[in-house]
file target04.cif (mmCIF, C-alpha atoms)
data_coords
loop_
_atom_site.label_atom_id
_atom_site.label_comp_id
_atom_site.auth_asym_id
_atom_site.auth_seq_id
_atom_site.Cartn_x
_atom_site.Cartn_y
_atom_site.Cartn_z
CA MET A 165 79.06 171.81 83.93
CA ARG A 166 77.18 175.00 84.78
CA LYS A 167 75.38 173.21 87.59
CA HIS A 168 78.69 172.10 89.11
CA LEU A 169 80.16 175.58 88.76
CA LEU A 170 77.12 177.13 90.40
CA SER A 171 77.34 174.63 93.28
CA CYS A 172 81.02 175.47 93.80
CA LEU A 173 80.33 179.20 93.79
CA MET A 174 77.56 178.74 96.35
CA GLY A 175 79.92 176.69 98.51
CA VAL A 176 82.60 179.40 98.33
CA ALA A 177 80.00 182.02 99.25
CA VAL A 178 79.04 180.01 102.33
CA LEU A 179 82.71 179.72 103.33
CA VAL A 180 83.19 183.47 102.94
CA VAL A 181 80.34 184.36 105.31
CA LEU A 182 81.16 181.69 107.93
CA PRO A 183 83.10 184.07 110.25
CA PHE A 184 79.92 186.12 110.69
CA LEU A 185 77.95 183.02 111.70
CA LEU A 186 80.33 181.05 113.93
CA SER A 187 81.90 181.55 117.33
CA GLN A 188 85.66 181.79 117.70
CA GLY A 189 85.89 178.17 118.78
CA LEU A 190 83.94 176.92 115.78
CA LEU A 191 85.94 179.21 113.51
CA ASN A 192 89.14 177.53 114.72
CA ALA A 193 87.51 174.20 113.89
CA ALA A 194 86.65 175.55 110.42
CA ILE A 195 90.32 176.45 109.88
CA GLN A 196 91.34 172.89 110.71
CA MET A 197 88.66 171.57 108.37
CA LEU A 198 90.01 173.68 105.51
CA ILE A 199 93.59 172.52 106.14
CA ALA A 200 92.48 168.89 106.28
CA ALA A 201 90.54 169.37 103.03
CA LEU A 202 93.64 170.66 101.21
CA PHE A 203 95.77 167.86 102.65
CA ALA A 204 93.27 165.20 101.53
CA SER A 205 92.99 166.75 98.06
CA ALA A 206 96.78 166.68 97.74
CA TYR A 207 96.87 163.07 98.89
CA ASN A 208 94.15 162.15 96.41
CA LEU A 209 96.35 163.32 93.54
CA LEU A 210 98.75 160.51 94.38
CA CYS A 211 96.34 157.87 95.64
CA GLY A 212 93.08 158.42 93.77
CA GLN A 213 94.38 159.78 90.48
CA ALA A 214 97.80 158.15 90.13
CA GLY A 215 96.75 154.95 91.89
CA MET A 216 99.69 154.92 94.33
CA LEU A 217 98.67 154.19 97.92
CA SER A 218 100.93 156.05 100.33
CA PHE A 219 100.99 155.31 104.06
CA GLY A 220 103.38 158.10 105.01
CA HIS A 221 102.10 161.41 103.66
CA ALA A 222 102.43 163.05 107.07
CA ALA A 223 106.17 163.32 106.33
CA TYR A 224 105.60 165.96 103.64
CA PHE A 225 102.95 167.74 105.69
CA GLY A 226 105.47 167.95 108.54
CA VAL A 227 108.38 169.05 106.34
CA GLY A 228 106.19 171.84 104.97
CA ALA A 229 105.25 172.85 108.50
CA PHE A 230 108.87 173.11 109.66
CA ALA A 231 109.97 174.84 106.46
CA THR A 232 107.32 177.47 107.13
CA VAL A 233 108.18 177.95 110.80
CA HIS A 234 111.89 178.38 109.97
CA ALA A 235 111.03 180.83 107.19
CA MET A 236 108.82 182.86 109.53
CA ASN A 237 111.61 183.09 112.11
CA ALA A 238 114.28 183.83 109.48
CA VAL A 239 112.66 186.65 107.49
CA GLY A 240 110.13 187.89 110.04
CA GLY A 241 107.26 188.00 107.59
CA ALA A 242 108.79 190.82 105.57
CA GLY A 243 110.74 191.37 102.37
CA LEU A 244 110.15 188.98 99.50
CA LEU A 245 108.26 186.57 101.73
CA PRO A 246 105.68 188.47 103.80
CA THR A 247 103.36 186.65 106.18
CA PRO A 248 100.55 185.98 103.64
CA LEU A 249 103.04 184.21 101.34
CA MET A 250 104.63 182.04 104.03
CA PRO A 251 102.84 178.83 102.93
CA LEU A 252 105.01 179.00 99.80
CA ALA A 253 107.94 177.97 102.00
CA GLY A 254 105.99 174.90 103.06
CA ALA A 255 105.13 174.12 99.44
CA VAL A 256 108.79 174.36 98.39
CA GLY A 257 109.90 172.21 101.32
CA GLY A 258 107.31 169.57 100.52
CA LEU A 259 108.22 169.66 96.81
CA ILE A 260 111.94 169.14 97.42
CA PHE A 261 111.57 166.40 100.03
CA GLY A 262 108.73 164.77 98.09
CA GLY A 263 110.79 164.74 94.92
CA ILE A 264 113.67 162.97 96.68
CA ALA A 265 111.46 160.50 98.54
CA GLY A 266 109.28 159.94 95.47
CA TRP A 267 112.26 159.06 93.31
CA PHE A 268 113.05 156.18 95.66
CA ALA A 269 109.49 155.12 96.41
CA THR A 270 108.33 154.98 92.79
CA GLN A 271 111.08 152.50 91.95
CA ARG A 272 108.52 149.94 93.13
CA SER A 273 104.75 149.66 92.91
CA GLY A 274 101.86 148.17 94.82
CA THR A 275 102.53 146.89 98.31
CA TYR A 276 106.26 147.59 98.07
CA PHE A 277 105.59 151.24 97.22
CA ALA A 278 103.25 151.57 100.22
CA MET A 279 105.82 150.01 102.54
CA ILE A 280 108.56 152.35 101.30
CA THR A 281 106.40 155.41 101.95
CA LEU A 282 105.60 154.09 105.42
CA ALA A 283 109.29 153.48 106.13
CA ILE A 284 110.26 157.01 105.04
CA ALA A 285 107.59 158.55 107.26
CA GLU A 286 108.57 156.39 110.24
CA LEU A 287 112.23 157.31 109.72
CA VAL A 288 111.46 161.03 109.80
CA HIS A 289 109.14 160.60 112.79
CA SER A 290 111.84 158.73 114.73
CA LEU A 291 114.63 161.20 113.90
CA ALA A 292 112.68 164.40 114.50
CA PRO A 293 112.85 164.41 118.36
CA HIS A 294 116.63 163.91 118.23
CA LEU A 295 117.45 166.62 115.66
CA LYS A 296 116.75 169.50 118.01
CA GLY A 297 118.47 172.06 115.83
CA VAL A 298 116.02 171.41 113.00
CA PHE A 299 112.84 170.23 114.72
CA GLY A 300 113.21 171.72 118.20
CA GLY A 301 113.03 168.46 120.11
CA GLU A 302 109.91 167.62 122.08
CA ALA A 303 109.11 171.29 122.70
CA GLY A 304 109.13 172.11 119.00
CA ILE A 305 109.66 175.57 117.51
CA SER A 306 107.50 178.61 118.09
CA THR A 307 107.02 181.61 115.85
CA MET A 308 104.74 184.61 115.42
CA ARG A 309 102.62 185.99 112.60
CA MET A 310 103.91 189.44 111.69
CA PRO A 311 101.80 192.26 110.20
CA ALA A 312 101.84 192.62 106.42
CA TRP A 313 99.73 194.19 103.67
CA GLY A 314 97.75 196.18 106.22
CA PHE A 315 96.73 193.15 108.30
CA ASN A 316 98.11 192.20 111.70
CA PHE A 317 96.86 188.56 111.55
CA GLY A 318 96.16 188.71 115.25
CA SER A 319 92.53 187.66 114.99
CA THR A 320 91.09 184.27 114.17
CA THR A 321 88.97 185.83 111.43
CA GLN A 322 92.01 187.11 109.51
CA VAL A 323 93.73 183.73 109.86
CA TYR A 324 90.57 182.05 108.58
CA TYR A 325 90.41 184.19 105.45
CA LEU A 326 94.13 183.68 104.81
CA THR A 327 93.66 179.92 105.14
CA LEU A 328 90.56 179.99 102.94
CA ALA A 329 92.38 181.91 100.20
CA TRP A 330 95.27 179.44 100.14
CA VAL A 331 92.99 176.38 100.26
CA LEU A 332 90.86 177.66 97.37
CA PHE A 333 94.03 178.49 95.43
CA GLY A 334 95.54 175.06 96.09
CA VAL A 335 92.38 173.12 95.24
CA ALA A 336 91.92 175.16 92.06
CA LEU A 337 95.49 174.37 90.97
CA LEU A 338 94.97 170.69 91.68
CA TYR A 339 91.81 170.72 89.57
CA LEU A 340 93.54 172.53 86.71
CA TYR A 341 96.32 169.93 86.88
CA THR A 342 93.79 167.17 86.24
CA ARG A 343 92.67 168.97 83.05
CA THR A 344 96.17 169.13 81.56
CA PRO A 345 97.76 166.43 79.37
CA LEU A 346 100.11 165.67 82.25
CA GLY A 347 97.12 165.17 84.51
CA ARG A 348 95.61 162.75 81.99
CA LEU A 349 98.87 160.80 81.99
CA THR A 350 98.61 160.65 85.79
CA TYR A 351 95.30 158.85 85.38
CA GLY A 352 97.09 156.54 82.97
CA LEU A 353 99.49 155.53 85.75
CA ARG A 354 96.50 154.24 87.67
CA GLU A 355 94.74 152.54 84.80
CA ASN A 356 97.59 150.88 82.90
CA SER A 357 101.19 151.88 83.56
CA HIS A 358 102.49 149.04 81.37
CA ARG A 359 100.70 150.49 78.35
CA LEU A 360 102.20 153.93 79.06
CA ARG A 361 105.65 152.37 79.17
CA PHE A 362 104.95 150.54 75.91
CA LEU A 363 103.96 153.86 74.30
CA GLY A 364 107.33 155.31 75.24
CA TYR A 365 106.52 157.38 78.33
CA ASN A 366 108.90 157.55 81.26
CA VAL A 367 106.64 155.92 83.85
CA HIS A 368 109.11 156.36 86.69
CA GLY A 369 109.49 160.05 85.89
CA LEU A 370 105.71 160.52 85.75
CA GLY A 371 105.28 158.76 89.08
CA THR A 372 108.03 160.86 90.70
CA LEU A 373 106.46 164.06 89.36
CA ALA A 374 103.00 163.13 90.65
CA PHE A 375 104.52 162.23 94.01
CA ALA A 376 106.40 165.54 94.21
CA ILE A 377 103.35 167.63 93.27
CA SER A 378 101.23 165.82 95.85
CA ALA A 379 103.93 166.41 98.46
CA MET A 380 104.12 170.08 97.47
CA PHE A 381 100.46 170.71 98.23
CA SER A 382 100.75 168.61 101.40
CA GLY A 383 103.61 170.87 102.47
CA MET A 384 101.40 173.87 101.71
CA ALA A 385 98.78 172.42 104.07
CA GLY A 386 101.50 171.97 106.70
CA GLY A 387 102.49 175.61 106.26
CA LEU A 388 98.90 176.69 106.84
CA GLN A 389 98.89 174.59 110.02
CA VAL A 390 101.87 176.60 111.28
CA MET A 391 100.18 179.86 110.30
CA SER A 392 97.23 178.82 112.45
CA ASN A 393 99.12 177.47 115.49
CA GLU A 394 102.27 179.65 115.34
CA SER A 395 104.30 176.59 116.31
CA ALA A 396 105.38 173.17 115.09
CA ASN A 397 106.72 170.06 116.79
CA TYR A 398 107.47 166.51 115.77
CA VAL A 399 103.82 165.51 116.31
CA VAL A 400 103.14 166.68 112.74
CA PHE A 401 105.04 163.55 111.60
CA ASP A 402 102.82 161.23 113.64
CA PRO A 403 101.57 158.15 111.74
CA SER A 404 98.02 158.96 112.82
CA LEU A 405 98.11 161.98 110.50
CA SER A 406 99.00 159.74 107.56
CA ALA A 407 96.22 157.36 108.55
CA ALA A 408 93.76 160.26 108.76
CA ALA A 409 94.64 161.29 105.20
CA VAL A 410 93.88 157.78 103.94
CA LEU A 411 90.65 157.47 105.93
CA ASN A 412 89.35 160.92 105.00
CA THR A 413 90.10 160.42 101.32
CA TYR A 414 88.28 157.11 101.03
CA ILE A 415 85.38 158.16 103.26
CA GLY A 416 84.78 161.15 101.02
CA GLY A 417 85.29 159.21 97.81
CA VAL A 418 88.24 159.14 95.43
CA GLN A 419 86.12 159.10 92.26
CA VAL A 420 84.86 162.66 92.79
CA PHE A 421 87.42 165.46 92.74
CA LEU A 422 86.05 167.22 95.84
CA GLY A 423 85.18 163.95 97.56
CA PRO A 424 88.38 163.76 99.67
CA ALA A 425 88.01 167.42 100.67
CA PHE A 426 84.43 166.77 101.76
CA GLY A 427 85.44 163.64 103.69
CA ALA A 428 88.32 165.42 105.42
CA ALA A 429 86.19 168.40 106.43
CA LEU A 430 83.40 166.15 107.67
CA MET A 431 85.62 163.83 109.70
CA THR A 432 87.61 166.75 111.16
CA PHE A 433 84.39 168.32 112.38
CA PHE A 434 83.26 164.89 113.59
CA GLY A 435 86.38 164.58 115.73
CA TYR A 436 86.02 168.14 117.01
CA ALA A 437 82.37 167.66 117.99
CA VAL A 438 82.41 164.07 119.26
CA SER A 439 85.75 164.03 121.10
CA ASP A 440 84.27 166.28 123.80
CA LEU A 441 81.32 163.93 124.27
CA THR A 442 82.92 160.50 124.43
CA ARG A 443 86.26 158.77 124.85
CA SER A 444 85.37 156.32 122.10
CA TRP A 445 85.28 158.81 119.25
CA LEU A 446 88.15 157.08 117.44
CA LEU A 447 86.15 153.86 117.53
CA TYR A 448 83.22 155.63 115.88
CA GLN A 449 85.54 157.01 113.22
CA GLY A 450 86.81 153.52 112.50
CA ILE A 451 83.27 152.15 112.33
CA VAL A 452 82.30 154.84 109.82
CA PHE A 453 85.30 153.92 107.65
CA VAL A 454 84.51 150.19 107.75
CA LEU A 455 80.85 150.76 106.90
CA VAL A 456 81.70 153.07 104.00
CA MET A 457 84.20 150.58 102.58
CA MET A 458 81.77 147.67 102.92
CA PHE A 459 78.54 149.23 101.70
CA LEU A 460 79.58 152.40 99.84
CA PRO A 461 82.95 151.89 98.12
CA THR A 462 82.52 155.11 96.14
CA GLY A 463 82.49 157.12 99.37
CA LEU A 464 79.92 159.46 100.83
CA THR A 465 79.92 161.62 97.71
CA GLY A 466 78.89 158.52 95.79
CA LEU A 467 75.48 158.88 97.44
CA ILE A 468 74.91 161.99 95.34
CA GLY A 469 75.50 160.04 92.12
CA ILE A 470 73.28 157.18 93.28
CA ALA A 471 70.46 159.59 94.18
CA GLY A 472 70.84 161.37 90.84
CA ARG A 473 70.61 158.15 88.84
CA LEU A 474 67.53 157.05 90.79
CA ARG A 475 65.91 160.43 90.23
CA GLU A 476 66.44 160.11 86.47
CA HIS A 477 64.35 156.93 86.30
CA HIS A 478 61.80 157.35 89.10
CA SER A 479 59.54 160.06 90.40
CA LEU A 480 60.25 161.85 93.65
CA GLY A 481 56.98 160.54 95.07
CA ARG A 482 58.20 156.94 94.76
CA LEU A 483 61.69 157.68 96.05
CA MET A 484 60.87 159.88 99.03
CA PRO A 485 59.35 157.10 101.23
CA ILE A 486 62.42 154.95 100.60
CA PHE A 487 64.78 157.80 101.45
CA LEU A 488 62.89 158.57 104.66
CA GLN A 489 62.94 154.92 105.70
CA ALA A 490 66.67 154.74 104.96
CA ILE A 491 67.29 157.80 107.15
CA ALA A 492 65.13 156.33 109.93
CA SER A 493 66.93 152.98 109.76
CA ALA A 494 70.35 154.68 109.92
CA ALA A 495 69.21 156.73 112.92
CA LEU A 496 67.87 153.68 114.77
CA ILE A 497 70.91 151.51 114.08
CA GLY A 498 73.26 154.36 114.95
CA ALA A 499 71.44 155.12 118.20
CA GLY A 500 71.41 151.46 119.21
CA ALA A 501 75.10 151.04 118.43
CA VAL A 502 76.03 154.20 120.35
CA PHE A 503 73.99 153.01 123.34
CA VAL A 504 75.78 149.64 123.44
CA ILE A 505 79.26 151.13 122.92
CA GLU A 506 78.87 153.84 125.55
CA LEU A 507 77.34 151.42 128.06
CA ALA A 508 80.14 148.89 127.52
CA GLN A 509 82.77 151.62 127.76
CA ARG A 510 81.46 152.69 131.14
CA LEU A 511 81.08 149.13 132.45
CA PHE A 512 84.68 148.24 131.59
CA SER A 513 86.19 151.55 132.76
CA LEU A 514 88.43 151.84 135.81
CA GLU A 515 86.05 154.35 137.36
CA TYR A 516 83.18 151.88 137.30
CA ARG A 517 85.29 149.08 138.78
CA SER A 518 86.44 151.42 141.55
CA LEU A 519 82.84 152.38 142.25
CA ALA A 520 81.86 148.69 142.41
CA ARG A 521 84.59 148.06 145.02
CA LEU A 522 83.27 150.91 147.14
CA LYS A 523 79.81 149.30 147.16
CA PRO A 524 80.38 145.59 147.89
CA ASP A 525 76.68 145.14 148.62
CA ASP A 526 75.83 146.34 145.10
CA PRO A 527 78.25 144.67 142.62
CA TRP A 528 76.48 146.33 139.66
CA PRO A 529 75.99 150.03 140.40
CA ALA A 530 73.77 152.03 138.08
CA VAL A 531 75.38 153.62 135.01
CA THR A 532 74.46 157.20 134.14
CA LEU A 533 73.98 157.50 130.40
CA PHE A 534 72.02 160.13 128.47
CA ASP A 535 70.97 161.77 131.77
CA HIS A 536 69.37 158.54 132.98
CA ALA A 537 70.51 155.86 135.44
CA TRP A 538 70.57 152.40 133.86
CA GLN A 539 70.85 149.20 135.84
CA PRO A 540 73.30 146.83 134.07
CA GLN A 541 71.48 143.72 135.30
CA SER A 542 68.09 144.98 134.07
CA MET A 543 66.59 143.50 130.92
CA MET A 544 65.26 146.92 129.96
CA THR A 545 68.77 148.37 129.85
CA TRP A 546 69.79 145.97 127.11
CA GLY A 547 66.34 145.67 125.59
CA VAL A 548 66.26 149.31 124.48
CA PRO A 549 69.31 149.13 122.17
CA ILE A 550 68.34 145.66 120.94
CA LEU A 551 64.91 146.97 120.00
CA MET A 552 66.40 149.93 118.14
CA LEU A 553 68.83 147.69 116.28
CA ALA A 554 66.05 145.25 115.38
CA LEU A 555 63.73 148.00 114.11
CA GLY A 556 66.59 149.51 112.12
CA GLY A 557 67.40 146.13 110.59
CA LEU A 558 63.76 145.58 109.60
CA LEU A 559 63.66 148.99 107.92
CA VAL A 560 66.87 148.14 106.05
CA ARG A 561 65.30 144.93 104.74
CA ARG A 562 62.17 146.84 103.74
CA CYS A 563 64.23 149.45 101.89
CA ARG A 564 66.15 146.75 100.04
CA ARG A 565 62.94 145.07 98.94
CA GLN A 566 61.50 148.36 97.71
CA MET A 567 64.71 149.19 95.85
CA ARG A 568 64.66 145.77 94.23
CA ALA A 569 61.06 146.35 93.18
CA LEU A 570 62.00 149.68 91.60
CA ARG A 571 64.88 148.08 89.75
CA ASP A 572 62.68 145.29 88.39
CA ASP A 573 59.81 147.63 87.46
CA PRO A 574 59.04 146.89 83.77
CA SER A 575 57.50 150.33 83.29
CA VAL A 576 60.92 151.99 83.70
CA MET A 577 62.97 151.99 80.51
CA PRO A 578 66.71 152.12 81.21
CA THR A 579 68.87 154.56 79.34
CA THR A 580 70.77 152.60 76.70
CA GLY A 581 72.72 155.32 74.98
CA PRO A 582 73.01 159.03 74.19
CA GLU A 583 70.00 161.00 73.07
CA PRO A 584 69.46 161.58 69.37
CA GLN A 585 71.25 164.54 67.84
CA GLY A 586 67.96 166.28 67.13
CA ARG A 587 66.94 166.29 70.78
CA GLU A 588 70.33 167.63 71.83
CA ALA A 589 69.97 170.47 69.36
CA ALA A 590 66.48 171.16 70.66
#
call {"tool": "encode", "arguments": {"input": "target04.cif", "output": "structure tokens"}}
result
Amino acid sequence: MRKHLLSCLMGVAVLVVLPFLLSQGLLNAAIQMLIAALFASAYNLLCGQAGMLSFGHAAYFGVGAFATVHAMNAVGGAGLLPTPLMPLAGAVGGLIFGGIAGWFATQRSGTYFAMITLAIAELVHSLAPHLKGVFGGEAGISTMRMPAWGFNFGSTTQVYYLTLAWVLFGVALLYLYTRTPLGRLTYGLRENSHRLRFLGYNVHGLGTLAFAISAMFSGMAGGLQVMSNESANYVVFDPSLSAAAVLNTYIGGVQVFLGPAFGAALMTFFGYAVSDLTRSWLLYQGIVFVLVMMFLPTGLTGLIGIAGRLREHHSLGRLMPIFLQAIASAALIGAGAVFVIELAQRLFSLEYRSLARLKPDDPWPAVTLFDHAWQPQSMMTWGVPILMLALGGLLVRRCRRQMRALRDDPSVMPTTGPEPQGREAA
């Protein structure tokens, strides 16, 4: 417990000093990472803890965003709701709308529940451009952060610290919720709702409450988005935002409390960094999700648990060569896959076909990739990625054999139970 607390405090310390280390552009990216982390943590309350898979959580994010923008324009960041407290309007908006939608959605479970949440989100997304008085049409609604509490909130640094404070507050409340008896009952919804009903609990009421609380924190994240952008339009209801919440949550790992937050921050930064380098960045994001689901169902944070269990039974000297080979194999396979994808993307692009028409004597013009001209008809062009993929595959097989040898090592005694009481006291 102390180790986890110390790790969290170190993480918070790093977040506090980030504005002194990053440029303004990267600081804006850090703000989006924090908002995505809170949104994924809120979604995980419903999906990971309550076991209810929602495909339309962008609806509550968007309602919170518009509730905040209307509150900012109505009260001007003064009175009982100054600018630093504006995300409360988003939280209230998400709570009210989430409670209503959750009451209907939780009437069913499983696939039917997921389809209802998707239908609600699609309904809001379709209506938003037409309700111009509420959502501002295609142009959306603009606002402005007003000074309060001695801050003018005109700099990115001040917005970052405001976002950080609200994200830490929201994540802390979500964690405290999991430690309450109500939070334990939420886990019961996932594990065995029929047993809860048999014991006399109102399962529908519990599901509605979990849905509303998740929507409340999603609305808080939407309010922080408005605080950052000083505007909102119907794009905040886009289905891609709901899909991103699902992907980020499962990539990070639903079995660890901070797993979804880690996955959301990582994938948000991934999109920020890679989208400027390639048009196929969404394809890479999808590949990462598929690979995680196939080979690491516990998410990226599950790697920490796997490494910890291996370290308990084996020395670092035996594990380090395997870890290094695993990293090398991932780098080789990743490089080979990126080479093939980028080369194919350029070969099938309209620009390349137009260039080929301009040079009828050369039907296969050279493709510039990684600051080098590659001839599509050359064996070397395709041999390089094939060689990297082959070497990466061989290293994967070698790692699997070494891991199997460690697992079958008779000199390692598995842990069969808790330590004796005397050793614990010592």
call {"tool": "resolve_selection", "arguments": {"input": "target04.cif", "expression": "the PyMOL selection byres ((chain A and resi 552-558) around 6)", "output": "VMD selection string"}}
result
chain A and resid 493 496 to 497 500 549 to 551 559 to 561
call {"tool": "atom_distance", "arguments": {"input": "target04.cif", "atom1": "atom CA of A:Asp525", "atom2": "atom CA of A:Thr545"}}
result
20.6 Å
call {"tool": "residues_around", "arguments": {"input": "target04.cif", "residues": "A:Ala329", "least_positions_apart": "6", "cutoff": "10 Å", "atoms": "only C-alpha atoms", "output": "PyMOL selection string"}}
result
chain A and resi 180+248+323
call {"tool": "closest_residue", "arguments": {"input": "target04.cif", "among": "A:Leu182, A:Val233, A:Ile280, A:Met544", "to": "A:Thr307", "atoms": "all atoms listed in the file"}}
result
A:Val233
call {"tool": "residues_near_point", "arguments": {"input": "target04.cif", "point": "(95.8, 169.8, 102.2)", "cutoff": "8 Å", "atoms": "all atoms listed in the file", "output": "PyMOL selection string"}}
result
chain A and resi 198-207+331+381-386
call {"tool": "resolve_selection", "arguments": {"input": "target04.cif", "expression": "the PyMOL selection byres ((chain A and resi 414) around 12)", "output": "number ranges by chain"}}
result
A: 204-205, 207-208, 211-212, 217, 407-413, 415-428, 431, 452-458, 460-466
call {"tool": "resolve_selection", "arguments": {"input": "target04.cif", "expression": "the PyMOL selection byres ((chain A and resi 340-351) around 8)", "output": "PDB file with C-alpha atoms, keeping the file's coordinate frame"}}
result
ATOM      1  CA  GLN A 213      94.380 159.780  90.480  1.00  0.00           C
ATOM      2  CA  ALA A 214      97.800 158.150  90.130  1.00  0.00           C
ATOM      3  CA  GLY A 215      96.750 154.950  91.890  1.00  0.00           C
ATOM      4  CA  ALA A 336      91.920 175.160  92.060  1.00  0.00           C
ATOM      5  CA  LEU A 337      95.490 174.370  90.970  1.00  0.00           C
ATOM      6  CA  LEU A 338      94.970 170.690  91.680  1.00  0.00           C
ATOM      7  CA  TYR A 339      91.810 170.720  89.570  1.00  0.00           C
ATOM      8  CA  GLY A 352      97.090 156.540  82.970  1.00  0.00           C
ATOM      9  CA  LEU A 353      99.490 155.530  85.750  1.00  0.00           C
ATOM     10  CA  ARG A 354      96.500 154.240  87.670  1.00  0.00           C
ATOM     11  CA  GLU A 355      94.740 152.540  84.800  1.00  0.00           C
ATOM     12  CA  LEU A 370     105.710 160.520  85.750  1.00  0.00           C
ATOM     13  CA  GLY A 371     105.280 158.760  89.080  1.00  0.00           C
ATOM     14  CA  ALA A 374     103.000 163.130  90.650  1.00  0.00           C
TER      15      ALA A 374
END
call {"tool": "closest_residue", "arguments": {"input": "target04.cif", "among": "A:Val239, A:Gly189, A:Leu328, A:Gly300", "to": "A:Val176", "atoms": "all atoms listed in the file"}}
result
A:Leu328
call {"tool": "residues_around", "arguments": {"input": "target04.cif", "residues": "A:Thr270", "least_positions_apart": "3", "cutoff": "9 Å", "atoms": "all atoms listed in the file", "output": "number ranges by chain"}}
result
A: 216, 265-267, 273, 277, 280, 368-369, 371-372, 375
call {"tool": "write_last_selection", "arguments": {"input": "target04.cif", "atoms": "C-alpha atoms", "output": "PDB file, keeping the file's coordinate frame"}}
result
ATOM      1  CA  MET A 216      99.690 154.920  94.330  1.00  0.00           C
ATOM      2  CA  ALA A 265     111.460 160.500  98.540  1.00  0.00           C
ATOM      3  CA  GLY A 266     109.280 159.940  95.470  1.00  0.00           C
ATOM      4  CA  TRP A 267     112.260 159.060  93.310  1.00  0.00           C
ATOM      5  CA  SER A 273     104.750 149.660  92.910  1.00  0.00           C
ATOM      6  CA  PHE A 277     105.590 151.240  97.220  1.00  0.00           C
ATOM      7  CA  ILE A 280     108.560 152.350 101.300  1.00  0.00           C
ATOM      8  CA  HIS A 368     109.110 156.360  86.690  1.00  0.00           C
ATOM      9  CA  GLY A 369     109.490 160.050  85.890  1.00  0.00           C
ATOM     10  CA  GLY A 371     105.280 158.760  89.080  1.00  0.00           C
ATOM     11  CA  THR A 372     108.030 160.860  90.700  1.00  0.00           C
ATOM     12  CA  PHE A 375     104.520 162.230  94.010  1.00  0.00           C
TER      13      PHE A 375
END
call {"tool": "atom_distance", "arguments": {"input": "target04.cif", "atom1": "atom CA of A:Val256", "atom2": "atom CA of A:Tyr365"}}
result
26.4 Å
